[in-house]
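**Student:** Input structure: start_37.tsv, which contains TSV, C-alpha atoms and all ligand atoms.
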chain	number	residue	atom	x	y	z
N	192	MET	CA	-170.53	-177.45	-16.50
N	193	TYR	CA	-168.93	-180.44	-18.18
N	194	VAL	CA	-165.86	-181.85	-16.39
N	195	LEU	CA	-163.26	-184.44	-17.32
N	196	VAL	CA	-162.17	-186.23	-14.14
N	197	THR	CA	-158.91	-188.14	-14.12
N	198	ASN	CA	-156.02	-189.09	-11.85
N	199	ASP	CA	-152.68	-190.85	-11.71
N	200	ASP	CA	-153.44	-193.41	-8.99
N	201	GLY	CA	-155.71	-195.44	-11.26
N	202	ILE	CA	-159.44	-195.78	-11.79
N	203	GLN	CA	-160.06	-197.76	-8.60
N	204	SER	CA	-158.55	-195.12	-6.31
N	205	PRO	CA	-160.91	-193.97	-3.54
N	206	GLY	CA	-159.63	-190.42	-4.17
N	207	LEU	CA	-160.95	-190.46	-7.73
N	208	LEU	CA	-164.31	-191.81	-6.60
N	209	ALA	CA	-164.73	-189.17	-3.89
N	210	LEU	CA	-163.76	-186.44	-6.35
N	211	ARG	CA	-166.26	-187.58	-8.97
N	212	GLN	CA	-169.02	-187.92	-6.38
N	213	ALA	CA	-168.49	-184.35	-5.14
N	214	LEU	CA	-168.25	-182.97	-8.69
N	215	ASP	CA	-171.44	-184.83	-9.67
N	216	ALA	CA	-173.33	-182.38	-7.45
N	217	VAL	CA	-172.19	-179.38	-9.49
N	218	ALA	CA	-171.32	-180.70	-12.96
N	219	GLU	CA	-171.80	-183.32	-15.58
N	220	CYS	CA	-168.75	-185.52	-15.09
N	221	VAL	CA	-167.01	-188.03	-17.29
N	222	VAL	CA	-164.20	-190.16	-15.87
N	223	LEU	CA	-161.30	-191.28	-18.05
N	224	ALA	CA	-158.50	-192.59	-15.85
N	225	PRO	CA	-155.56	-194.99	-16.11
N	226	GLU	CA	-156.04	-198.66	-15.30
N	227	ARG	CA	-153.02	-198.72	-13.01
N	228	ASN	CA	-151.04	-196.49	-10.69
N	229	TRP	CA	-148.79	-194.04	-12.55
N	230	SER	CA	-147.68	-191.98	-9.57
N	231	ALA	CA	-144.44	-190.09	-10.28
N	232	ALA	CA	-144.80	-190.73	-14.03
N	233	SER	CA	-145.15	-186.99	-14.68
N	234	ALA	CA	-146.26	-186.29	-18.26
N	235	ALA	CA	-145.18	-189.62	-19.77
N	236	ARG	CA	-146.96	-190.33	-23.06
N	237	THR	CA	-147.34	-193.65	-24.86
N	238	LEU	CA	-145.61	-193.57	-28.24
N	239	PHE	CA	-145.00	-197.19	-29.17
N	240	ASP	CA	-148.13	-199.08	-28.11
N	241	PRO	CA	-151.80	-198.83	-28.99
N	242	LEU	CA	-154.13	-197.39	-26.38
N	243	ARG	CA	-157.33	-199.13	-25.29
N	244	ILE	CA	-160.34	-197.75	-23.49
N	245	ASP	CA	-162.99	-199.77	-21.66
N	246	LEU	CA	-166.05	-198.90	-19.63
N	247	VAL	CA	-165.91	-200.18	-16.04
N	248	ALA	CA	-167.93	-199.82	-12.85
N	249	MET	CA	-166.35	-197.55	-10.26
N	250	GLY	CA	-166.66	-198.24	-6.53
N	251	ASP	CA	-170.23	-196.93	-6.37
N	252	GLY	CA	-171.39	-198.76	-9.49
N	253	ARG	CA	-171.31	-195.72	-11.77
N	254	ASP	CA	-169.47	-196.15	-15.04
N	255	GLY	CA	-166.11	-194.65	-15.82
N	256	PHE	CA	-163.76	-195.05	-18.74
N	257	VAL	CA	-160.46	-196.77	-18.05
N	258	CYS	CA	-157.47	-196.41	-20.34
N	259	SER	CA	-154.36	-198.55	-20.78
N	260	GLY	CA	-152.20	-195.42	-21.04
N	261	THR	CA	-150.73	-192.82	-18.74
N	262	PRO	CA	-152.52	-189.91	-17.06
N	263	ALA	CA	-151.39	-187.55	-19.82
N	264	ASP	CA	-152.56	-190.07	-22.45
N	265	CYS	CA	-156.00	-190.11	-20.82
N	266	VAL	CA	-156.38	-186.34	-21.06
N	267	ALA	CA	-154.97	-186.12	-24.58
N	268	LEU	CA	-157.28	-188.91	-25.76
N	269	ALA	CA	-160.30	-187.28	-24.17
N	270	LEU	CA	-159.61	-183.84	-25.63
N	271	LEU	CA	-158.53	-185.03	-29.07
N	272	GLY	CA	-161.97	-186.46	-29.73
N	273	PHE	CA	-162.87	-189.34	-27.44
N	274	LEU	CA	-165.26	-187.04	-25.58
N	275	PRO	CA	-168.28	-185.95	-27.58
N	276	ARG	CA	-167.59	-182.32	-26.69
N	277	ARG	CA	-164.92	-180.17	-25.12
N	278	PRO	CA	-165.04	-180.09	-21.31
N	279	ASP	CA	-165.10	-176.80	-19.44
N	280	LEU	CA	-162.53	-178.07	-16.97
N	281	VAL	CA	-160.14	-180.94	-16.27
N	282	VAL	CA	-159.93	-182.00	-12.63
N	283	SER	CA	-157.18	-184.43	-11.66
N	284	GLY	CA	-157.05	-186.26	-8.32
N	285	ILE	CA	-157.63	-186.68	-5.57
N	286	ASN	CA	-154.09	-187.92	-5.28
N	287	ILE	CA	-153.21	-190.14	-2.34
N	288	GLY	CA	-150.34	-188.11	-0.92
N	289	PRO	CA	-149.34	-184.47	-1.34
N	290	ASN	CA	-147.89	-182.83	-4.45
N	291	LEU	CA	-146.04	-179.90	-2.93
N	292	GLY	CA	-143.12	-177.81	-4.10
N	293	ASN	CA	-140.73	-179.75	-6.34
N	294	ASP	CA	-143.13	-182.72	-6.30
N	295	VAL	CA	-145.01	-181.06	-9.15
N	296	SER	CA	-142.21	-182.00	-11.54
N	297	TYR	CA	-142.71	-185.71	-10.75
N	298	SER	CA	-146.46	-185.68	-10.27
N	299	GLY	CA	-148.72	-187.53	-12.68
N	300	THR	CA	-151.67	-185.81	-11.02
N	301	VAL	CA	-150.34	-182.36	-11.91
N	302	ALA	CA	-149.18	-183.55	-15.35
N	303	ALA	CA	-152.70	-184.72	-16.23
N	304	ALA	CA	-153.99	-181.25	-15.37
N	305	ARG	CA	-151.17	-179.64	-17.33
N	306	GLU	CA	-152.07	-181.75	-20.37
N	307	GLY	CA	-155.51	-180.17	-20.23
N	308	THR	CA	-154.08	-176.65	-20.14
N	309	MET	CA	-151.70	-177.40	-23.01
N	310	MET	CA	-154.78	-178.26	-25.04
N	311	GLY	CA	-156.52	-175.06	-23.98
N	312	VAL	CA	-158.77	-176.41	-21.23
N	313	PRO	CA	-158.44	-174.95	-17.71
N	314	ALA	CA	-157.41	-177.49	-15.13
N	315	ILE	CA	-156.94	-178.12	-11.45
N	316	ALA	CA	-154.99	-180.80	-9.60
N	317	VAL	CA	-156.03	-181.94	-6.13
N	318	SER	CA	-153.97	-183.96	-3.65
N	319	LEU	CA	-154.56	-185.06	-0.08
N	320	ASP	CA	-151.74	-185.34	2.43
N	321	GLY	CA	-153.18	-188.65	3.52
N	322	ARG	CA	-153.35	-192.35	2.85
N	323	ARG	CA	-155.64	-194.73	0.99
N	324	ASP	CA	-157.96	-195.06	3.99
N	325	SER	CA	-158.17	-191.29	4.65
N	326	ASP	CA	-161.45	-189.39	4.41
N	327	PHE	CA	-161.35	-187.74	0.97
N	328	ARG	CA	-164.67	-185.92	1.35
N	329	PRO	CA	-163.43	-182.58	2.70
N	330	ALA	CA	-160.89	-182.38	-0.12
N	331	ALA	CA	-163.53	-183.44	-2.66
N	332	GLU	CA	-165.99	-180.81	-1.45
N	333	PHE	CA	-163.33	-178.12	-1.68
N	334	ALA	CA	-162.44	-179.34	-5.17
N	335	ALA	CA	-166.08	-179.02	-6.26
N	336	GLN	CA	-166.24	-175.50	-4.84
N	337	ILE	CA	-163.08	-174.37	-6.61
N	338	ALA	CA	-164.15	-176.12	-9.83
N	339	MET	CA	-167.25	-173.93	-9.92
N	340	LEU	CA	-165.14	-170.84	-9.26
N	341	ALA	CA	-162.63	-171.83	-11.93
N	342	VAL	CA	-165.40	-171.80	-14.52
N	343	SER	CA	-167.32	-168.76	-13.26
N	344	GLN	CA	-164.12	-166.71	-12.81
N	345	GLU	CA	-162.73	-167.89	-16.16
N	346	LEU	CA	-159.54	-169.55	-14.96
N	347	THR	CA	-157.13	-169.37	-17.88
N	348	PRO	CA	-155.32	-172.37	-19.32
N	349	GLN	CA	-152.07	-170.45	-18.72
N	350	VAL	CA	-152.01	-171.88	-15.19
N	351	VAL	CA	-152.83	-175.07	-13.33
N	352	LEU	CA	-154.30	-174.64	-9.88
N	353	ASN	CA	-152.38	-177.06	-7.69
N	354	ILE	CA	-154.37	-177.79	-4.55
N	355	ASN	CA	-153.10	-179.69	-1.52
N	356	VAL	CA	-155.35	-180.57	1.38
N	357	PRO	CA	-154.08	-181.55	4.85
N	358	SER	CA	-155.45	-184.78	6.28
N	359	GLY	CA	-156.29	-183.49	9.75
N	360	PRO	CA	-158.66	-180.69	10.78
N	361	ILE	CA	-158.60	-177.93	8.14
N	362	GLN	CA	-157.66	-174.49	9.51
N	363	GLY	CA	-158.46	-172.55	6.34
N	364	VAL	CA	-157.22	-171.90	2.81
N	365	MET	CA	-154.01	-170.15	1.74
N	366	VAL	CA	-152.93	-168.94	-1.68
N	367	THR	CA	-149.30	-170.03	-1.82
N	368	HIS	CA	-146.20	-170.39	-3.93
N	369	LEU	CA	-144.28	-173.61	-4.32
N	370	GLY	CA	-141.99	-174.45	-1.44
N	371	ARG	CA	-138.84	-176.47	-1.51
N	372	ARG	CA	-139.07	-180.18	-0.87
N	373	VAL	CA	-136.22	-181.91	0.90
N	374	TYR	CA	-136.02	-185.44	-0.44
N	375	ARG	CA	-134.41	-188.12	1.63
N	376	ASP	CA	-133.96	-190.64	-1.15
N	377	GLU	CA	-131.29	-193.23	-0.81
N	378	LEU	CA	-130.01	-196.00	-3.01
N	379	ILE	CA	-130.86	-199.40	-1.58
N	380	VAL	CA	-128.89	-202.30	-3.08
N	381	ARG	CA	-129.96	-205.91	-2.54
N	382	HIS	CA	-129.19	-209.19	-4.23
N	383	ASP	CA	-131.53	-211.60	-5.96
N	384	PRO	CA	-131.29	-215.39	-5.36
N	385	ARG	CA	-128.80	-215.63	-8.25
N	386	GLY	CA	-126.51	-213.09	-6.63
N	387	ARG	CA	-127.25	-210.27	-9.06
N	388	PRO	CA	-127.74	-206.85	-7.49
N	389	TYR	CA	-130.98	-204.96	-7.84
N	390	TYR	CA	-131.76	-201.44	-6.76
N	391	TRP	CA	-134.52	-199.47	-5.09
N	392	LEU	CA	-134.60	-195.71	-5.03
N	393	GLY	CA	-136.25	-195.19	-1.69
N	394	GLY	CA	-136.07	-193.58	1.68
N	395	ASP	CA	-138.22	-191.71	4.12
N	396	ALA	CA	-140.98	-189.32	3.13
N	397	PRO	CA	-139.70	-185.91	2.02
N	398	GLU	CA	-139.76	-182.91	4.30
N	399	GLY	CA	-140.84	-179.43	3.33
N	400	ASP	CA	-139.60	-175.90	3.62
N	401	LEU	CA	-141.59	-174.13	6.36
N	402	THR	CA	-141.10	-170.60	5.01
N	403	GLU	CA	-144.26	-168.53	5.27
N	404	GLY	CA	-146.18	-168.31	2.01
N	405	THR	CA	-145.14	-171.71	0.71
N	406	ASP	CA	-147.48	-174.60	-0.02
N	407	THR	CA	-145.27	-176.86	2.09
N	408	ALA	CA	-145.71	-174.62	5.15
N	409	ALA	CA	-149.44	-174.12	4.60
N	410	VAL	CA	-150.20	-177.85	4.55
N	411	ALA	CA	-147.85	-178.52	7.47
N	412	ASN	CA	-149.89	-175.96	9.45
N	413	GLY	CA	-153.23	-177.52	8.54
N	414	TYR	CA	-154.23	-175.17	5.70
N	415	ILE	CA	-155.35	-176.05	2.21
N	416	SER	CA	-152.79	-174.62	-0.23
N	417	VAL	CA	-153.84	-173.29	-3.63
N	418	THR	CA	-150.86	-172.58	-5.88
N	419	PRO	CA	-151.14	-171.26	-9.44
N	420	VAL	CA	-148.37	-173.04	-11.34
N	421	HIS	CA	-147.21	-172.58	-14.90
N	422	PHE	CA	-144.72	-174.42	-16.99
N	423	ASP	CA	-142.54	-171.74	-18.51
N	424	LEU	CA	-139.41	-172.99	-16.78
N	425	THR	CA	-137.27	-170.15	-18.15
N	426	ASN	CA	-135.10	-168.56	-15.48
N	427	GLN	CA	-135.55	-164.87	-16.35
N	428	PRO	CA	-132.49	-163.43	-14.52
N	429	TRP	CA	-130.25	-165.87	-16.33
N	430	LEU	CA	-131.27	-164.58	-19.75
N	431	ASP	CA	-129.08	-161.53	-19.24
N	432	THR	CA	-126.32	-163.52	-17.57
N	433	LEU	CA	-126.16	-165.89	-20.54
N	434	ARG	CA	-126.20	-163.04	-23.05
N	435	GLY	CA	-123.15	-161.76	-21.16
N	436	TRP	CA	-121.33	-164.97	-22.11
N	437	ARG	CA	-121.35	-163.71	-25.74
N	438	LEU	CA	-122.09	-167.18	-27.08
N	439	ASP	CA	-121.08	-167.55	-30.73
N	440	VAL	CA	-120.07	-170.18	-33.23
N	501	MN	MN	-150.48	-190.56	-7.38
Will you turn the file into structure tokens for me?
**Tutor:**
Amino acid sequence: MYVLVTNDDGIQSPGLLALRQALDAVAECVVLAPERNWSAASAARTLFDPLRIDLVAMGDGRDGFVCSGTPADCVALALLGFLPRRPDLVVSGINIGPNLGNDVSYSGTVAAAREGTMMGVPAIAVSLDGRRDSDFRPAAEFAAQIAMLAVSQELTPQVVLNINVPSGPIQGVMVTHLGRRVYRDELIVRHDPRGRPYYWLGGDAPEGDLTEGTDTAAVANGYISVTPVHFDLTNQPWLDTLRGWRLDV
């Protein structure tokens, strides 16, 4: 098994290192990850600047490729010919912080995986509901296990498996659907020394819908959530509603 490992937190993230170390036990891994943190950059792609790739030592001394572009750039570059051959799987993570419910539309971690699927390579995204100093090993070991299953069970590139791991003791694994995130963003206005206002979009961490069957509830209850997500955003019931509008020119 040949696996492209990437993330959105940047090549020096401990989550990426733990993921690659666990995948090393079951696959031949190549790392191509962004040089800086692109969290919440979703599927941004670089259109107006050249992209550079360098080889650097990761935290354990093993080499990884680092790219000046975004997470989606990394995957596109790898699959368009930077890698000597096509990987069997793209694994993105382990993100520092969860990517639950509506978070997937912001997530660079999920977007990197999605980029793989758009280019026909199955992909999984892995996030830990933890912090930089959390223990990533349980999440990494689960990721390696599901990576093997993804290949042996022929996961299709029609879906991304979005995996979220709780930081505390793990109660089990649940197959879930996306929950609803309740964001508590607020606009913070301050003034610079010259009196000009500047803005932060900030606020407390989001809360999650605790309805049974959702990823938000599973992780809140100590379970790993595995959600198959796809990116046909069409709202099916509205097709008929809109046809009823008799749109014409
Ligand atoms: Mn991130």
**Student:** To one decimal in Å, tell me the separation between CA of Thr237 in chain N and CA of Val420 in chain N.
**Tutor:**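 Computed distance, CA of Thr237 in chain N to CA of Val420 in chain N, equals 24.7 Å.
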**Student:** Give me, as CSV, each residue of range 275-365 of chain N that comes within 12 Å of range 249-261 of chain N, together with its shortest interatomic pair and the distance in Å at one decimal, counting only C-alpha atoms, with rows ordered by chain and rising residue number.
**Tutor:**
residue,atom,partner,partner_atom,distance
N:Ser298,CA,N:Thr261,CA,11.9
N:Gly299,CA,N:Thr261,CA,8.3
N:Thr300,CA,N:Thr261,CA,10.5
N:Ala302,CA,N:Thr261,CA,10.0
N:Ala303,CA,N:Thr261,CA,8.7
N:Glu306,CA,N:Thr261,CA,11.3
**Student:** What separation in Å, quoted to one decimal, exists between CA of Val221 in chain N and CA of Pro357 in chain N?
**Tutor:** 26.4 Å
**Student:** Excluding same-chain residues fewer than 6 positions from range 361-376 of chain N, what lies within 6 Å of it counting only C-alpha atoms, as a CSV table (one decimal) with C-alpha atoms, keeping the file's coordinate frame?
**Tutor:**
chain,number,residue,atom,x,y,z
N,292,GLY,CA,-143.1,-177.8,-4.1
N,293,ASN,CA,-140.7,-179.8,-6.3
N,393,GLY,CA,-136.2,-195.2,-1.7
N,394,GLY,CA,-136.1,-193.6,1.7
N,395,ASP,CA,-138.2,-191.7,4.1
N,397,PRO,CA,-139.7,-185.9,2.0
N,398,GLU,CA,-139.8,-182.9,4.3
N,399,GLY,CA,-140.8,-179.4,3.3
N,400,ASP,CA,-139.6,-175.9,3.6
N,404,GLY,CA,-146.2,-168.3,2.0
N,405,THR,CA,-145.1,-171.7,0.7
N,406,ASP,CA,-147.5,-174.6,0.0
N,407,THR,CA,-145.3,-176.9,2.1
N,413,GLY,CA,-153.2,-177.5,8.5
N,414,TYR,CA,-154.2,-175.2,5.7
N,415,ILE,CA,-155.4,-176.0,2.2
N,416,SER,CA,-152.8,-174.6,-0.2
N,417,VAL,CA,-153.8,-173.3,-3.6
N,418,THR,CA,-150.9,-172.6,-5.9
**Student:** With distances taken over only C-alpha atoms, which residue among N:Gly284, N:Pro262, N:Pro278, N:Gly272 lies nearest Ala235 in chain N?
**Tutor:** N:Pro262
**Student:** Per residue of chain N within 9 Å of ligand MN 501 (chain N), record the nearest atom pair and its distance in Å to one decimal, counting all atoms listed in the file, with rows in chain order and ascending residue number, as CSV.
**Tutor:**
residue,atom,partner,partner_atom,distance
N:Asn198,CA,N:MN501,MN,7.3
N:Asp199,CA,N:MN501,MN,4.9
N:Asp200,CA,N:MN501,MN,4.4
N:Gly201,CA,N:MN501,MN,8.1
N:Asn228,CA,N:MN501,MN,6.8
N:Trp229,CA,N:MN501,MN,6.5
N:Ser230,CA,N:MN501,MN,3.8
N:Ala231,CA,N:MN501,MN,6.7
N:Ala232,CA,N:MN501,MN,8.7
N:Gly284,CA,N:MN501,MN,7.9
N:Ile285,CA,N:MN501,MN,8.3
N:Asn286,CA,N:MN501,MN,4.9
N:Ile287,CA,N:MN501,MN,5.7
N:Gly288,CA,N:MN501,MN,6.9
N:Pro289,CA,N:MN501,MN,8.7
N:Asn290,CA,N:MN501,MN,8.7
N:Ser298,CA,N:MN501,MN,7.0
N:Gly299,CA,N:MN501,MN,6.4
N:Thr300,CA,N:MN501,MN,6.1
N:Ser318,CA,N:MN501,MN,8.3
**Student:** Mind pulling up the distance from CA of Val295 in chain N to CA of Asp320 in chain N?
**Tutor:**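 Separating CA of Asp320 in chain N from CA of Val295 in chain N is a distance of 14.1 Å.
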**Student:** Which residue gives the smallest distance to Ala234 in chain N among N:Val301, N:Ala248, N:Ile202, N:Leu401, with all atoms listed in the file counted?
**Tutor:** N:Val301
**Student:** Output as CSV one row per residue of range 245-296 of chain N within 12 Å of range 341-348 of chain N: the closest atom pair and its distance in Å to one decimal place, counting all atoms listed in the file, sorted by chain and residue number ascending.
**Tutor:**
residue,atom,partner,partner_atom,distance
N:Pro278,CA,N:Val342,CA,10.7
N:Asp279,CA,N:Val342,CA,7.0
N:Leu280,CA,N:Val342,CA,7.3
N:Val281,CA,N:Pro348,CA,10.3
N:Val282,CA,N:Ala341,CA,10.5
**Student:** Mind checking which residues fall within 7 Å of Arg328 in chain N, counting all atoms listed in the file, ignoring those fewer than 3 positions away in the same chain, and posting them as a PDB file with C-alpha atoms, in the coordinates of the input?
**Tutor:**
ATOM      1  CA  ALA N 209    -164.730-189.170  -3.890  1.00  0.00           C
ATOM      2  CA  ALA N 331    -163.530-183.440  -2.660  1.00  0.00           C
ATOM      3  CA  GLU N 332    -165.990-180.810  -1.450  1.00  0.00           C
TER       4      GLU N 332
END
**Student:** Which is closer to Phe327 in chain N than all the others in N:Gly307, N:Pro313, N:Pro225, N:Gly359, using only C-alpha atoms?
**Tutor:**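 Nearest candidate to Phe327 in chain N out of N:Gly307, N:Pro313, N:Pro225, N:Gly359: N:Gly359.
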**Student:** Give me, as a ChimeraX atom specification, all polymer residues having an atom no more than 9 Å from Tyr389 in chain N, counting only C-alpha atoms and skipping those fewer than 3 positions away in the same chain.
**Tutor:** /N:379-383
**Student:** Ranking N:Val222, N:Ala409, N:Ala396, N:Val196 by minimum distance to Ala314 in chain N and counting only C-alpha atoms, which one comes first?
**Tutor:** N:Val196
**Student:** Nearest residue to Asp326 in chain N out of N:Ser358, N:Gln203, N:Thr432, N:Thr402, using all atoms listed in the file?
**Tutor:**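 Closest candidate: N:Ser358.
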**Student:** Any chance you could model all heavy atoms for range 398-408 of chain N and send them as a PDB file, keeping the file's coordinate frame?
**Tutor:**
ATOM      1  N   GLU N 398    -139.353-183.985   3.401  1.00  0.00           N
ATOM      2  CA  GLU N 398    -139.760-182.910   4.300  1.00  0.00           C
ATOM      3  C   GLU N 398    -139.958-181.658   3.467  1.00  0.00           C
ATOM      4  O   GLU N 398    -139.593-181.617   2.301  1.00  0.00           O
ATOM      5  CB  GLU N 398    -138.672-182.686   5.357  1.00  0.00           C
ATOM      6  CG  GLU N 398    -138.610-183.854   6.322  1.00  0.00           C
ATOM      7  CD  GLU N 398    -137.416-183.779   7.251  1.00  0.00           C
ATOM      8  OE1 GLU N 398    -136.508-182.975   6.986  1.00  0.00           O
ATOM      9  OE2 GLU N 398    -137.412-184.546   8.222  1.00  0.00           O
ATOM     10  N   GLY N 399    -140.549-180.648   4.093  1.00  0.00           N
ATOM     11  CA  GLY N 399    -140.840-179.430   3.330  1.00  0.00           C
ATOM     12  C   GLY N 399    -140.316-178.203   4.033  1.00  0.00           C
ATOM     13  O   GLY N 399    -140.201-178.151   5.254  1.00  0.00           O
ATOM     14  N   ASP N 400    -139.985-177.236   3.204  1.00  0.00           N
ATOM     15  CA  ASP N 400    -139.600-175.900   3.620  1.00  0.00           C
ATOM     16  C   ASP N 400    -140.771-175.268   4.391  1.00  0.00           C
ATOM     17  O   ASP N 400    -141.912-175.328   3.931  1.00  0.00           O
ATOM     18  CB  ASP N 400    -139.322-175.186   2.296  1.00  0.00           C
ATOM     19  CG  ASP N 400    -139.198-173.700   2.378  1.00  0.00           C
ATOM     20  OD1 ASP N 400    -139.054-173.186   3.475  1.00  0.00           O
ATOM     21  OD2 ASP N 400    -139.225-173.083   1.297  1.00  0.00           O
ATOM     22  N   LEU N 401    -140.506-174.696   5.552  1.00  0.00           N
ATOM     23  CA  LEU N 401    -141.590-174.130   6.360  1.00  0.00           C
ATOM     24  C   LEU N 401    -141.648-172.605   6.282  1.00  0.00           C
ATOM     25  O   LEU N 401    -142.237-171.942   7.136  1.00  0.00           O
ATOM     26  CB  LEU N 401    -141.469-174.609   7.813  1.00  0.00           C
ATOM     27  CG  LEU N 401    -141.623-176.137   7.962  1.00  0.00           C
ATOM     28  CD1 LEU N 401    -141.444-176.571   9.402  1.00  0.00           C
ATOM     29  CD2 LEU N 401    -142.968-176.621   7.420  1.00  0.00           C
ATOM     30  N   THR N 402    -141.051-172.050   5.216  1.00  0.00           N
ATOM     31  CA  THR N 402    -141.100-170.600   5.010  1.00  0.00           C
ATOM     32  C   THR N 402    -142.535-170.149   4.774  1.00  0.00           C
ATOM     33  O   THR N 402    -143.265-170.777   4.004  1.00  0.00           O
ATOM     34  CB  THR N 402    -140.245-170.220   3.776  1.00  0.00           C
ATOM     35  OG1 THR N 402    -138.960-170.786   3.944  1.00  0.00           O
ATOM     36  CG2 THR N 402    -140.145-168.714   3.597  1.00  0.00           C
ATOM     37  N   GLU N 403    -142.905-169.053   5.412  1.00  0.00           N
ATOM     38  CA  GLU N 403    -144.260-168.530   5.270  1.00  0.00           C
ATOM     39  C   GLU N 403    -144.573-168.234   3.795  1.00  0.00           C
ATOM     40  O   GLU N 403    -143.722-167.734   3.063  1.00  0.00           O
ATOM     41  CB  GLU N 403    -144.385-167.238   6.076  1.00  0.00           C
ATOM     42  CG  GLU N 403    -145.829-166.860   6.345  1.00  0.00           C
ATOM     43  CD  GLU N 403    -145.926-165.635   7.243  1.00  0.00           C
ATOM     44  OE1 GLU N 403    -145.091-165.505   8.165  1.00  0.00           O
ATOM     45  OE2 GLU N 403    -146.832-164.836   7.018  1.00  0.00           O
ATOM     46  N   GLY N 404    -145.778-168.566   3.395  1.00  0.00           N
ATOM     47  CA  GLY N 404    -146.180-168.310   2.010  1.00  0.00           C
ATOM     48  C   GLY N 404    -146.021-169.485   1.083  1.00  0.00           C
ATOM     49  O   GLY N 404    -146.506-169.459  -0.040  1.00  0.00           O
ATOM     50  N   THR N 405    -145.334-170.527   1.566  1.00  0.00           N
ATOM     51  CA  THR N 405    -145.140-171.710   0.710  1.00  0.00           C
ATOM     52  C   THR N 405    -146.277-172.714   0.902  1.00  0.00           C
ATOM     53  O   THR N 405    -146.921-172.757   1.958  1.00  0.00           O
ATOM     54  CB  THR N 405    -143.812-172.426   1.038  1.00  0.00           C
ATOM     55  OG1 THR N 405    -143.838-172.813   2.421  1.00  0.00           O
ATOM     56  CG2 THR N 405    -142.611-171.520   0.786  1.00  0.00           C
ATOM     57  N   ASP N 406    -146.471-173.535  -0.127  1.00  0.00           N
ATOM     58  CA  ASP N 406    -147.480-174.600  -0.020  1.00  0.00           C
ATOM     59  C   ASP N 406    -147.064-175.622   1.039  1.00  0.00           C
ATOM     60  O   ASP N 406    -147.907-176.139   1.786  1.00  0.00           O
ATOM     61  CB  ASP N 406    -147.748-175.256  -1.387  1.00  0.00           C
ATOM     62  CG  ASP N 406    -146.528-175.877  -2.055  1.00  0.00           C
ATOM     63  OD1 ASP N 406    -145.397-175.676  -1.588  1.00  0.00           O
ATOM     64  OD2 ASP N 406    -146.725-176.567  -3.089  1.00  0.00           O
ATOM     65  N   THR N 407    -145.776-175.891   1.114  1.00  0.00           N
ATOM     66  CA  THR N 407    -145.270-176.860   2.090  1.00  0.00           C
ATOM     67  C   THR N 407    -145.615-176.414   3.519  1.00  0.00           C
ATOM     68  O   THR N 407    -146.066-177.222   4.338  1.00  0.00           O
ATOM     69  CB  THR N 407    -143.747-177.027   1.906  1.00  0.00           C
ATOM     70  OG1 THR N 407    -143.174-175.766   1.543  1.00  0.00           O
ATOM     71  CG2 THR N 407    -143.418-178.005   0.811  1.00  0.00           C
ATOM     72  N   ALA N 408    -145.410-175.127   3.808  1.00  0.00           N
ATOM     73  CA  ALA N 408    -145.710-174.620   5.150  1.00  0.00           C
ATOM     74  C   ALA N 408    -147.213-174.613   5.405  1.00  0.00           C
ATOM     75  O   ALA N 408    -147.663-174.980   6.500  1.00  0.00           O
ATOM     76  CB  ALA N 408    -145.147-173.202   5.308  1.00  0.00           C
TER      77      ALA N 408
END
